Each structure stands twice: as C-alpha cells, then as structure tokens.
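> For reference, the structure I am asking about is given below.
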Amino acid sequence: MNTQDHYWMDQALALARKGQYSTRPNPAVGCVIVRDGVRVGQGWHPKAGQPHAEVFALREAGERAQGATAYVTLEPCSHYGKTPPCADALAAAGVARVVIAMQDPNPQVCGRGSARLLSAGVEVCEGVLANEAAALNQGFIKFMQSQKPFVRLKLASSVDGRTAMASGESIWITGDTARQEVHKLRARHGAIVTGIGTVLADDPSMNVRLADAVKSELGLTEALCHPIRVVLDPNLSMPLNAKMLGLPGRTLLMTSPQTVQTNRSLVDGLLAAGVEVVAVKAQDDLLDLESVLDYLAKEEQVFDVMVESGASVAGAFVEAGLVDELHWFVAPHLMGHRGKPLLVLPQINGMQDRIQLKSESVQQVGEDWHFVFSFEPLAGVNGEV
C-alpha cells in the first residue's frame, strides 16, 4: 500500500459515485486499471443486470491489462449471478495485482473473490480507503450483514426547531437549494416512508422532482426516479383523491391485518385506486415499525429507506433505535414557541434519557444548513406507531 494506491483508489471511488443513484439494489462500484503508472482502463457499475465495473474497465484496457494493477472499490465477485465472476475475468486478463477498498459483505462473495485471485497467482491488497468505500453503499452493507435496511430520517425546521406555525402553515421552511438537495437525497432511496397524518395535513407528492439535466447527470432513468411511497395508515384513512395517487410510481399503504379483515370495502376501494395494501404486524392499532422495514428490505429489495414524516412518526423511529442517519435541514429564521415541534420523543423524561448523536458533516446549502448525524444503536426498544 502506497500513495499511488490511494490516488488510484480515489479515482475508482469517483467512478463508483457515478452509479450511486442508479444501481439499486446492487452496490455502486468503480474500477481503474493502471499499467506503468498510466490508467489504461476504467469503468463503473451503472445498473443492476448490466456488467460490473471490472468488465467495463477490462474492455477498455484490452491487452494492456496484462501485468497491470486493478483498483476496485469492492471485492470482485466470485459467483455466477446475472454476470460471470469478475475475479475470474481479472485473472484471465493477466492482471498482476488487485487493490481492493473493502471486502464484499455478501456471504456469497465475502473473501471468496480475493481467494480466487490469490489462487490464480494474482497479488491482492485489501483495505485501501475502506471507510470511503463503505460510505457509498451503506444500505447494501447493512442488509448483507443484518437483513435490515439503512434508514435515513430527513427533518426540516427553523433554527428554533419548528416545522410549522401553530396554524399548520409550513410552505416553505427552507429555500430552493435545500429542497433540491432533499430531492437528490430522495433519489438515493428505494422507498420513502411517511405517516397518514402527514398525508391528511399536507397532501404531499413524495416523489423526486429534479430538472432533466440533473437527472441525466445522476444517471436517473424514469423508473429509478420514483422511490416507493410508503404510507403508515393503521385505520385506512387514506383519501382516494390524494395527490400522490395520481403521480407515476407505486404507493404502498401499510396497515394492520385486523384492519384489512374488517374493512374489505375500504381495501377494495384503495386497490381500485392503484394503492398496494400490505398488512404488517401491529398491536392495539399501532404498526410495528421493524416489521415495516423488514417487509421493504426482504420483499421489495429496498436497502435504503428514507423517513420523511411528522413529529410523532419520526420520533417513533428514533426512539425505536431504527434510524441510522439523521439529515436535518435548518432554515435561518425563528418561528416561535407556538409552532409545531421537530420531534415527539415521549420516552425522554430526564437528562439520563438523552439520545446521543455523532456529528458526521455540515454544509451550507443556499441560505440554509444541512446537518448529518449518526445514531448509536438503542438496545431493547421496539418501535410501534
């Protein structure tokens, strides 16, 4: 491992980021092939079902891959899926050395790709810019390790933590630049979750609204532009004329098994309106949030979930220990103590109950600020809403 390894791996990471919005549920991966200090091939994985990054890089390198070093942001695959093993392709091309940012957490690959390369006489170096590589694929990594999705909670408020005036007036708290960042954030996720209270109060679209040039730059196709809209609705209060039901993409309504059984006419009306109704575990008309996330990850292959909801639902996800990352957009104004609060956290009664956050980043977006915090896992708490 040397400074050249860091330099070229950084180039491979930049390539991987090109697929960050388009590869789900696959990880974003980049590859650079270098011979005698010169890049001879490069590639990234653009979309599930298409060739992996290593294949594109090898195609560009051709015979120049012989004796070269390949820099890959994720351990090359070792199994036959929709494409042949990339570890075999690298070895067959005569690559002499493979530098890997991080091991693949997929049990089908984990360590096997490196082993195949070593058995073919290829030198392997692992762990170069591993943290940077992991940050690209948090949802994929978490699902492979725990069968759970990575959950980001998005909040927007004034400096004094208010999301609306007492009258309910809230459009718009943040400016255009911050709202565009929110739409980019939405585009990274397979599903956006909200509560029925937000639907009834605000009639949100819950979609991605970006200029065509921006979507093209991010590699977003029409299909990928529409994360699944998930509404938590224990009592089937969803209006059939809700704005989101007339927009492209899927709307999935989560409710309880008992509600489905006792309200067949309401369910039939929702189905006729294009809503997909899913029953999840519930108790006393409260939906089990962990069951909601399990369904999305295991049945829908959604590894990155964004929660964009009112204070009660957002607080329930936080107190259940189900949020991995908090994205807080703060506008530089004050809305007063009568305004609606950012979060409802009924389990916090004293200083000993505080939830510790770790500051990950902060940046100014237009006139507003975007804070990113991570959460320490909370043990022994189950979420219901």
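Naming works like this for the structure tokens: A, B, ... for the chains as they're shown, residue 1 at the start of each chain, ligands 1 onward in shown order.
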Give me, as a PyMOL selection string, all polymer residues having an atom no more than 7 Å from Cys86 (chain A), counting only C-alpha atoms and skipping those fewer than 6 positions away in the same chain.

chain A and resi 54+76-78

> Region 308-355 of chain A near region 298-304 of chain A within 12 Å: what's each residue's closest atom pair and its distance in Å to one decimal, counting only C-alpha atoms, ordered by chain then ascending residue number, as CSV?


residue,atom,partner,partner_atom,distance
A:Val323,CA,A:Asp304,CA,11.1
A:Asp324,CA,A:Asp304,CA,10.3
A:Glu325,CA,A:Asp304,CA,11.0

> Write the residues of the selection above to a file with all heavy atoms, as a short mmCIF file (atom, residue, chain, number, x, y, z; two decimals), in the first residue's frame.


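Printed below is out.cif as written:
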data_model
loop_
_atom_site.label_atom_id
_atom_site.label_comp_id
_atom_site.auth_asym_id
_atom_site.auth_seq_id
_atom_site.Cartn_x
_atom_site.Cartn_y
_atom_site.Cartn_z
N VAL A 323 -33.26 4.36 13.32
CA VAL A 323 -32.68 5.36 12.42
C VAL A 323 -31.16 5.26 12.47
O VAL A 323 -30.56 5.27 13.54
CB VAL A 323 -33.13 6.78 12.81
CG1 VAL A 323 -32.50 7.81 11.88
CG2 VAL A 323 -34.65 6.89 12.76
N ASP A 324 -30.56 5.16 11.31
CA ASP A 324 -29.09 5.10 11.22
C ASP A 324 -28.48 6.48 11.04
O ASP A 324 -27.38 6.74 11.52
CB ASP A 324 -28.69 4.21 10.04
CG ASP A 324 -29.14 2.77 10.21
OD1 ASP A 324 -28.56 2.08 11.08
OD2 ASP A 324 -30.07 2.35 9.51
N GLU A 325 -29.19 7.35 10.33
CA GLU A 325 -28.62 8.64 9.98
C GLU A 325 -29.72 9.70 9.96
O GLU A 325 -30.80 9.47 9.41
CB GLU A 325 -27.95 8.54 8.61
CG GLU A 325 -26.87 9.55 8.32
CD GLU A 325 -26.10 9.20 7.07
OE1 GLU A 325 -26.66 9.36 5.97
OE2 GLU A 325 -24.94 8.74 7.19
#

> Please provide as a list in words all residues within 7 Å of region 191-204 of chain A, with the sequence filter that same-chain residues fewer than 5 positions apart are discarded (counting only C-alpha atoms).

Pro227, Ile228, Arg229, Val230, Val231, Leu232, Asp233, Met238, Ala242, Lys243, Met244, Val302, Val305, Met306, Val307, Glu308, Ser309, Gly310 and Val313 of chain A

> Go ahead and dump the residues you just picked, all heavy atoms, as a short mmCIF file (atom, residue, chain, number, x, y, z; two decimals), in the first residue's frame.


data_model
loop_
_atom_site.label_atom_id
_atom_site.label_comp_id
_atom_site.auth_asym_id
_atom_site.auth_seq_id
_atom_site.Cartn_x
_atom_site.Cartn_y
_atom_site.Cartn_z
N PRO A 227 -39.02 6.49 -6.06
CA PRO A 227 -38.98 5.57 -4.92
C PRO A 227 -40.40 5.15 -4.54
O PRO A 227 -41.36 5.89 -4.79
CB PRO A 227 -38.33 6.40 -3.81
CG PRO A 227 -37.63 7.52 -4.52
CD PRO A 227 -38.42 7.79 -5.75
N ILE A 228 -40.53 3.98 -3.95
CA ILE A 228 -41.84 3.53 -3.49
C ILE A 228 -42.32 4.48 -2.40
O ILE A 228 -41.60 4.76 -1.44
CB ILE A 228 -41.76 2.10 -2.94
CG1 ILE A 228 -41.26 1.12 -4.01
CG2 ILE A 228 -43.13 1.63 -2.42
CD1 ILE A 228 -40.95 -0.26 -3.47
N ARG A 229 -43.53 4.98 -2.54
CA ARG A 229 -44.14 5.81 -1.49
C ARG A 229 -44.83 4.88 -0.49
O ARG A 229 -45.71 4.09 -0.88
CB ARG A 229 -45.16 6.77 -2.11
CG ARG A 229 -44.55 7.78 -3.07
CD ARG A 229 -45.61 8.70 -3.64
NE ARG A 229 -46.43 8.02 -4.62
CZ ARG A 229 -46.23 8.06 -5.94
NH1 ARG A 229 -45.21 8.73 -6.42
NH2 ARG A 229 -47.04 7.42 -6.76
N VAL A 230 -44.43 4.97 0.76
CA VAL A 230 -44.97 4.09 1.80
C VAL A 230 -45.70 4.95 2.82
O VAL A 230 -45.11 5.85 3.42
CB VAL A 230 -43.85 3.29 2.49
CG1 VAL A 230 -44.44 2.38 3.57
CG2 VAL A 230 -43.07 2.47 1.47
N VAL A 231 -46.98 4.67 3.01
CA VAL A 231 -47.79 5.42 3.97
C VAL A 231 -48.20 4.49 5.11
O VAL A 231 -48.78 3.42 4.88
CB VAL A 231 -49.06 6.01 3.30
CG1 VAL A 231 -49.90 6.77 4.33
CG2 VAL A 231 -48.67 6.92 2.14
N LEU A 232 -47.89 4.88 6.34
CA LEU A 232 -48.29 4.12 7.52
C LEU A 232 -49.70 4.55 7.91
O LEU A 232 -49.92 5.68 8.33
CB LEU A 232 -47.30 4.37 8.66
CG LEU A 232 -45.82 4.15 8.33
CD1 LEU A 232 -44.96 4.38 9.56
CD2 LEU A 232 -45.57 2.76 7.76
N ASP A 233 -50.66 3.65 7.74
CA ASP A 233 -52.07 4.01 7.88
C ASP A 233 -52.82 2.90 8.64
O ASP A 233 -53.49 2.06 8.03
CB ASP A 233 -52.68 4.22 6.49
CG ASP A 233 -54.09 4.75 6.53
OD1 ASP A 233 -54.60 5.03 7.64
OD2 ASP A 233 -54.70 4.88 5.45
N MET A 238 -56.60 6.73 4.24
CA MET A 238 -56.01 7.30 3.03
C MET A 238 -57.09 7.86 2.09
O MET A 238 -57.98 7.12 1.66
CB MET A 238 -55.21 6.22 2.30
CG MET A 238 -54.50 6.71 1.05
SD MET A 238 -53.06 7.69 1.50
CE MET A 238 -52.28 7.87 -0.10
N ALA A 242 -55.92 11.63 -2.91
CA ALA A 242 -54.60 12.12 -2.51
C ALA A 242 -53.75 12.38 -3.74
O ALA A 242 -53.76 11.61 -4.71
CB ALA A 242 -53.92 11.11 -1.60
N LYS A 243 -52.98 13.46 -3.69
CA LYS A 243 -52.18 13.88 -4.84
C LYS A 243 -51.25 12.78 -5.32
O LYS A 243 -51.10 12.55 -6.53
CB LYS A 243 -51.37 15.12 -4.46
CG LYS A 243 -50.59 15.75 -5.60
CD LYS A 243 -49.61 16.79 -5.10
CE LYS A 243 -50.32 17.88 -4.31
NZ LYS A 243 -49.37 18.92 -3.82
N MET A 244 -50.62 12.07 -4.39
CA MET A 244 -49.63 11.07 -4.77
C MET A 244 -50.21 9.95 -5.61
O MET A 244 -49.50 9.32 -6.40
CB MET A 244 -48.94 10.51 -3.52
CG MET A 244 -49.82 9.66 -2.65
SD MET A 244 -48.92 8.96 -1.23
CE MET A 244 -48.58 10.41 -0.26
N VAL A 302 -35.51 -3.25 -0.96
CA VAL A 302 -35.18 -1.85 -0.65
C VAL A 302 -34.19 -1.85 0.50
O VAL A 302 -34.54 -2.21 1.63
CB VAL A 302 -36.45 -1.05 -0.29
CG1 VAL A 302 -36.06 0.32 0.26
CG2 VAL A 302 -37.34 -0.89 -1.51
N VAL A 305 -33.87 3.27 3.06
CA VAL A 305 -35.20 3.79 3.34
C VAL A 305 -35.07 5.20 3.91
O VAL A 305 -34.27 5.45 4.79
CB VAL A 305 -35.95 2.90 4.35
CG1 VAL A 305 -37.27 3.53 4.76
CG2 VAL A 305 -36.18 1.50 3.77
N MET A 306 -35.89 6.10 3.38
CA MET A 306 -35.92 7.47 3.89
C MET A 306 -37.24 7.72 4.60
O MET A 306 -38.31 7.43 4.04
CB MET A 306 -35.76 8.45 2.72
CG MET A 306 -35.75 9.91 3.13
SD MET A 306 -35.31 10.94 1.69
CE MET A 306 -35.66 12.57 2.30
N VAL A 307 -37.17 8.22 5.82
CA VAL A 307 -38.37 8.57 6.58
C VAL A 307 -38.53 10.08 6.49
O VAL A 307 -37.63 10.84 6.86
CB VAL A 307 -38.27 8.13 8.05
CG1 VAL A 307 -39.50 8.59 8.83
CG2 VAL A 307 -38.12 6.61 8.13
N GLU A 308 -39.68 10.51 5.97
CA GLU A 308 -39.95 11.93 5.80
C GLU A 308 -41.39 12.14 6.29
O GLU A 308 -42.34 11.99 5.52
CB GLU A 308 -39.79 12.33 4.34
CG GLU A 308 -39.68 13.81 4.12
CD GLU A 308 -39.26 14.15 2.69
OE1 GLU A 308 -38.96 13.24 1.90
OE2 GLU A 308 -39.25 15.35 2.38
N SER A 309 -41.53 12.44 7.56
CA SER A 309 -42.85 12.36 8.20
C SER A 309 -43.04 13.48 9.21
O SER A 309 -42.17 14.34 9.38
CB SER A 309 -43.00 11.01 8.89
OG SER A 309 -42.08 10.92 9.98
N GLY A 310 -44.17 13.41 9.94
CA GLY A 310 -44.43 14.32 11.02
C GLY A 310 -43.65 13.96 12.27
O GLY A 310 -42.93 12.96 12.33
N VAL A 313 -44.34 10.22 14.06
CA VAL A 313 -43.77 9.06 13.36
C VAL A 313 -42.24 9.14 13.38
O VAL A 313 -41.56 8.14 13.64
CB VAL A 313 -44.30 8.97 11.92
CG1 VAL A 313 -43.53 7.92 11.12
CG2 VAL A 313 -45.79 8.64 11.92
#

> Find the residues around Met165 (chain A) up to 12 Å (only C-alpha atoms counted), leave out those fewer than 6 positions away in its own chain, and share them as a list in words.

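In the requested form, the answer reads Ser157, Ser158, Ile171, Trp172, Ile173, Leu334, Met335, Gly336, His337, Arg338, Gly339, Lys340, Pro341 and Leu342 of chain A.
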
> Once you have the residues from the selection above, write them out as a PDB file, in the first residue's frame, restricted to C-alpha atoms.


ATOM      1  CA  SER A 157     -37.115  23.178  10.602  1.00  0.00           C
ATOM      2  CA  SER A 158     -36.375  26.689  11.690  1.00  0.00           C
ATOM      3  CA  ILE A 171     -44.622  26.154   2.947  1.00  0.00           C
ATOM      4  CA  TRP A 172     -41.752  26.629   2.519  1.00  0.00           C
ATOM      5  CA  ILE A 173     -39.429  26.453   5.519  1.00  0.00           C
ATOM      6  CA  LEU A 334     -37.363  31.722  14.103  1.00  0.00           C
ATOM      7  CA  MET A 335     -40.972  30.528  14.146  1.00  0.00           C
ATOM      8  CA  GLY A 336     -41.798  30.894  17.842  1.00  0.00           C
ATOM      9  CA  HIS A 337     -42.785  28.560  20.659  1.00  0.00           C
ATOM     10  CA  ARG A 338     -46.329  28.098  19.369  1.00  0.00           C
ATOM     11  CA  GLY A 339     -45.070  26.372  16.231  1.00  0.00           C
ATOM     12  CA  LYS A 340     -45.095  22.615  15.698  1.00  0.00           C
ATOM     13  CA  PRO A 341     -42.089  20.736  17.153  1.00  0.00           C
ATOM     14  CA  LEU A 342     -39.461  18.875  15.154  1.00  0.00           C
TER      15      LEU A 342
END

> Can you measure CA of Val344 (chain A) to CA of Gly139 (chain A) for me? One decimal in Å is fine.

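Value for the CA of Val344 (chain A)-CA of Gly139 (chain A) distance: 26.1 Å.
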
> In terms of the shortest atom-to-atom distance over only C-alpha atoms, which of A:Arg64, A:Arg17, A:Lys154, A:Arg116 is closest to Trp44 (chain A)?

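Counting only C-alpha atoms, the residue closest to Trp44 (chain A) is A:Arg17.
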
> Between A:Arg264, A:Pro234, A:Phe371, A:Ala314, which is the closest to Gln283 (chain A) once you count only C-alpha atoms?

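Of all the options, A:Pro234 lies closest to Gln283 (chain A).
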
> Hey, what's within 9 Å of Val99 (chain A) if we count only C-alpha atoms and toss same-chain stuff fewer than 3 positions away? As a ChimeraX atom specification, please?

/A:1,5,9,69-73,75,123-128

> Store the residues picked out above, limited to N, CA, C and O atoms, as a compact mmCIF listing (two decimals), in the first residue's frame.


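See result_22.txt below for the written result:
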# COMPACT_ATOMS: atom_id res chain seq x y z
N MET A 1 0.85 -1.19 0.00
CA MET A 1 0.00 0.00 0.00
C MET A 1 0.88 1.24 0.00
O MET A 1 1.82 1.33 0.78
N ASP A 5 -1.42 3.92 -4.56
CA ASP A 5 -2.62 3.12 -4.33
C ASP A 5 -3.78 4.01 -3.87
O ASP A 5 -4.92 3.86 -4.32
N MET A 9 -7.14 4.57 -6.07
CA MET A 9 -8.39 4.12 -5.45
C MET A 9 -9.37 5.29 -5.33
O MET A 9 -10.59 5.11 -5.48
N THR A 69 -2.22 -3.29 -12.68
CA THR A 69 -2.85 -3.29 -11.36
C THR A 69 -4.28 -2.78 -11.50
O THR A 69 -4.51 -1.74 -12.15
N ALA A 70 -5.22 -3.52 -10.93
CA ALA A 70 -6.62 -3.10 -10.94
C ALA A 70 -7.00 -2.58 -9.57
O ALA A 70 -6.72 -3.22 -8.54
N TYR A 71 -7.65 -1.42 -9.53
CA TYR A 71 -8.14 -0.83 -8.29
C TYR A 71 -9.66 -0.94 -8.31
O TYR A 71 -10.33 -0.38 -9.19
N VAL A 72 -10.21 -1.65 -7.31
CA VAL A 72 -11.64 -1.91 -7.28
C VAL A 72 -12.18 -1.50 -5.90
O VAL A 72 -11.59 -1.84 -4.87
N THR A 73 -13.32 -0.80 -5.89
CA THR A 73 -13.84 -0.28 -4.62
C THR A 73 -14.54 -1.33 -3.78
O THR A 73 -14.76 -1.12 -2.58
N GLU A 75 -14.68 -5.83 -3.29
CA GLU A 75 -14.10 -7.13 -3.66
C GLU A 75 -14.78 -7.70 -4.91
O GLU A 75 -16.01 -7.79 -4.98
N GLU A 123 -1.57 -10.97 -7.05
CA GLU A 123 -1.32 -10.32 -5.77
C GLU A 123 -2.56 -9.52 -5.37
O GLU A 123 -3.17 -8.84 -6.20
N VAL A 124 -2.94 -9.58 -4.09
CA VAL A 124 -4.13 -8.89 -3.60
C VAL A 124 -3.76 -8.00 -2.42
O VAL A 124 -3.07 -8.44 -1.49
N CYS A 125 -4.23 -6.77 -2.44
CA CYS A 125 -4.06 -5.83 -1.32
C CYS A 125 -5.44 -5.31 -0.96
O CYS A 125 -6.17 -4.81 -1.83
N GLU A 126 -5.83 -5.41 0.30
CA GLU A 126 -7.16 -5.01 0.74
C GLU A 126 -7.09 -3.85 1.74
O GLU A 126 -6.09 -3.67 2.43
N GLY A 127 -8.19 -3.08 1.82
CA GLY A 127 -8.33 -2.07 2.87
C GLY A 127 -7.89 -0.67 2.50
O GLY A 127 -7.75 0.18 3.39
N VAL A 128 -7.70 -0.39 1.22
CA VAL A 128 -7.29 0.95 0.80
C VAL A 128 -8.53 1.83 0.67
O VAL A 128 -9.41 1.57 -0.15

> Can you pull out every residue within 10 Å of Val55 (chain A), counting only C-alpha atoms, but drop anything in the same chain fewer than 6 positions away, and send it as a PyMOL selection string?

chain A and resi 31+41-45+61+83-86+89-90

> Got a sec to tell me which of region 210-243 of chain A DSSP assigns to alpha helix (DSSP H), as a list in words?

Asp212, Ala213, Val214, Lys215, Ser216, Glu217 and Leu218 of chain A

> Could you write out the selected residues, including N, CA and C atoms, as a PDB file, in the first residue's frame?


ATOM      1  N   ASP A 212     -34.415  17.761 -15.829  1.00  0.00           N
ATOM      2  CA  ASP A 212     -33.962  16.647 -16.669  1.00  0.00           C
ATOM      3  C   ASP A 212     -32.444  16.583 -16.755  1.00  0.00           C
ATOM      4  N   ALA A 213     -31.805  17.741 -16.804  1.00  0.00           N
ATOM      5  CA  ALA A 213     -30.336  17.765 -16.887  1.00  0.00           C
ATOM      6  C   ALA A 213     -29.711  17.187 -15.629  1.00  0.00           C
ATOM      7  N   VAL A 214     -30.301  17.472 -14.469  1.00  0.00           N
ATOM      8  CA  VAL A 214     -29.787  16.929 -13.209  1.00  0.00           C
ATOM      9  C   VAL A 214     -30.009  15.419 -13.158  1.00  0.00           C
ATOM     10  N   LYS A 215     -31.183  14.964 -13.564  1.00  0.00           N
ATOM     11  CA  LYS A 215     -31.461  13.526 -13.578  1.00  0.00           C
ATOM     12  C   LYS A 215     -30.499  12.800 -14.502  1.00  0.00           C
ATOM     13  N   SER A 216     -30.218  13.380 -15.639  1.00  0.00           N
ATOM     14  CA  SER A 216     -29.273  12.763 -16.574  1.00  0.00           C
ATOM     15  C   SER A 216     -27.882  12.693 -15.971  1.00  0.00           C
ATOM     16  N   GLU A 217     -27.471  13.756 -15.295  1.00  0.00           N
ATOM     17  CA  GLU A 217     -26.153  13.793 -14.645  1.00  0.00           C
ATOM     18  C   GLU A 217     -26.035  12.725 -13.569  1.00  0.00           C
ATOM     19  N   LEU A 218     -27.130  12.455 -12.859  1.00  0.00           N
ATOM     20  CA  LEU A 218     -27.123  11.466 -11.779  1.00  0.00           C
ATOM     21  C   LEU A 218     -27.362  10.047 -12.287  1.00  0.00           C
TER      22      LEU A 218
END

> Between A:Ala12, A:Leu326, A:Met144, A:Ala101, which one has atoms that come closest to Val34 (chain A), using only C-alpha atoms?

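Of A:Ala12, A:Leu326, A:Met144, A:Ala101, the one nearest Val34 (chain A), counting only C-alpha atoms, is A:Ala12.
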
> Could you go through region 70-116 of chain A and tell me which residues DSSP, when run on the backbone, assigns to strand (DSSP E or B), listing them as a PyMOL selection string?

chain A and resi 70-72+97-100

> Each residue of region 171-266 of chain A with at least one atom at most 8 Å from region 22-27 of chain A should appear once, together with its nearest atom pair and the corresponding distance in Å (one decimal); atoms considered: only C-alpha atoms; ordering: chain, then increasing residue number; output as JSON lines.


{"residue": "A:Gly190", "atom": "CA", "partner": "A:Arg24", "partner_atom": "CA", "distance": 7.5}
{"residue": "A:Leu218", "atom": "CA", "partner": "A:Ser22", "partner_atom": "CA", "distance": 7.8}
{"residue": "A:Gly219", "atom": "CA", "partner": "A:Ser22", "partner_atom": "CA", "distance": 5.9}
{"residue": "A:Leu220", "atom": "CA", "partner": "A:Ser22", "partner_atom": "CA", "distance": 5.9}
{"residue": "A:Thr221", "atom": "CA", "partner": "A:Ser22", "partner_atom": "CA", "distance": 7.8}
{"residue": "A:Leu224", "atom": "CA", "partner": "A:Ser22", "partner_atom": "CA", "distance": 6.7}

> Between A:Cys225, A:Ala96, A:Leu286, A:Ala272, which residue has the minimum interatomic distance to Ala120 (chain A), considering only C-alpha atoms?

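Of the candidates, the smallest distance to Ala120 (chain A) is held by A:Ala96.
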
> Go through A:Gln4, A:Gln103, A:Asn137, A:Asn235 and flag the residue nearest Ser256 (chain A), using only C-alpha atoms for the distances.

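Using only C-alpha atoms, the shortest distance to Ser256 (chain A) belongs to A:Asn235.
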
> By how many Å are CA of Gly246 (chain A) and CA of Leu271 (chain A) apart?

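Here the two named atoms are 13.5 Å from each other.
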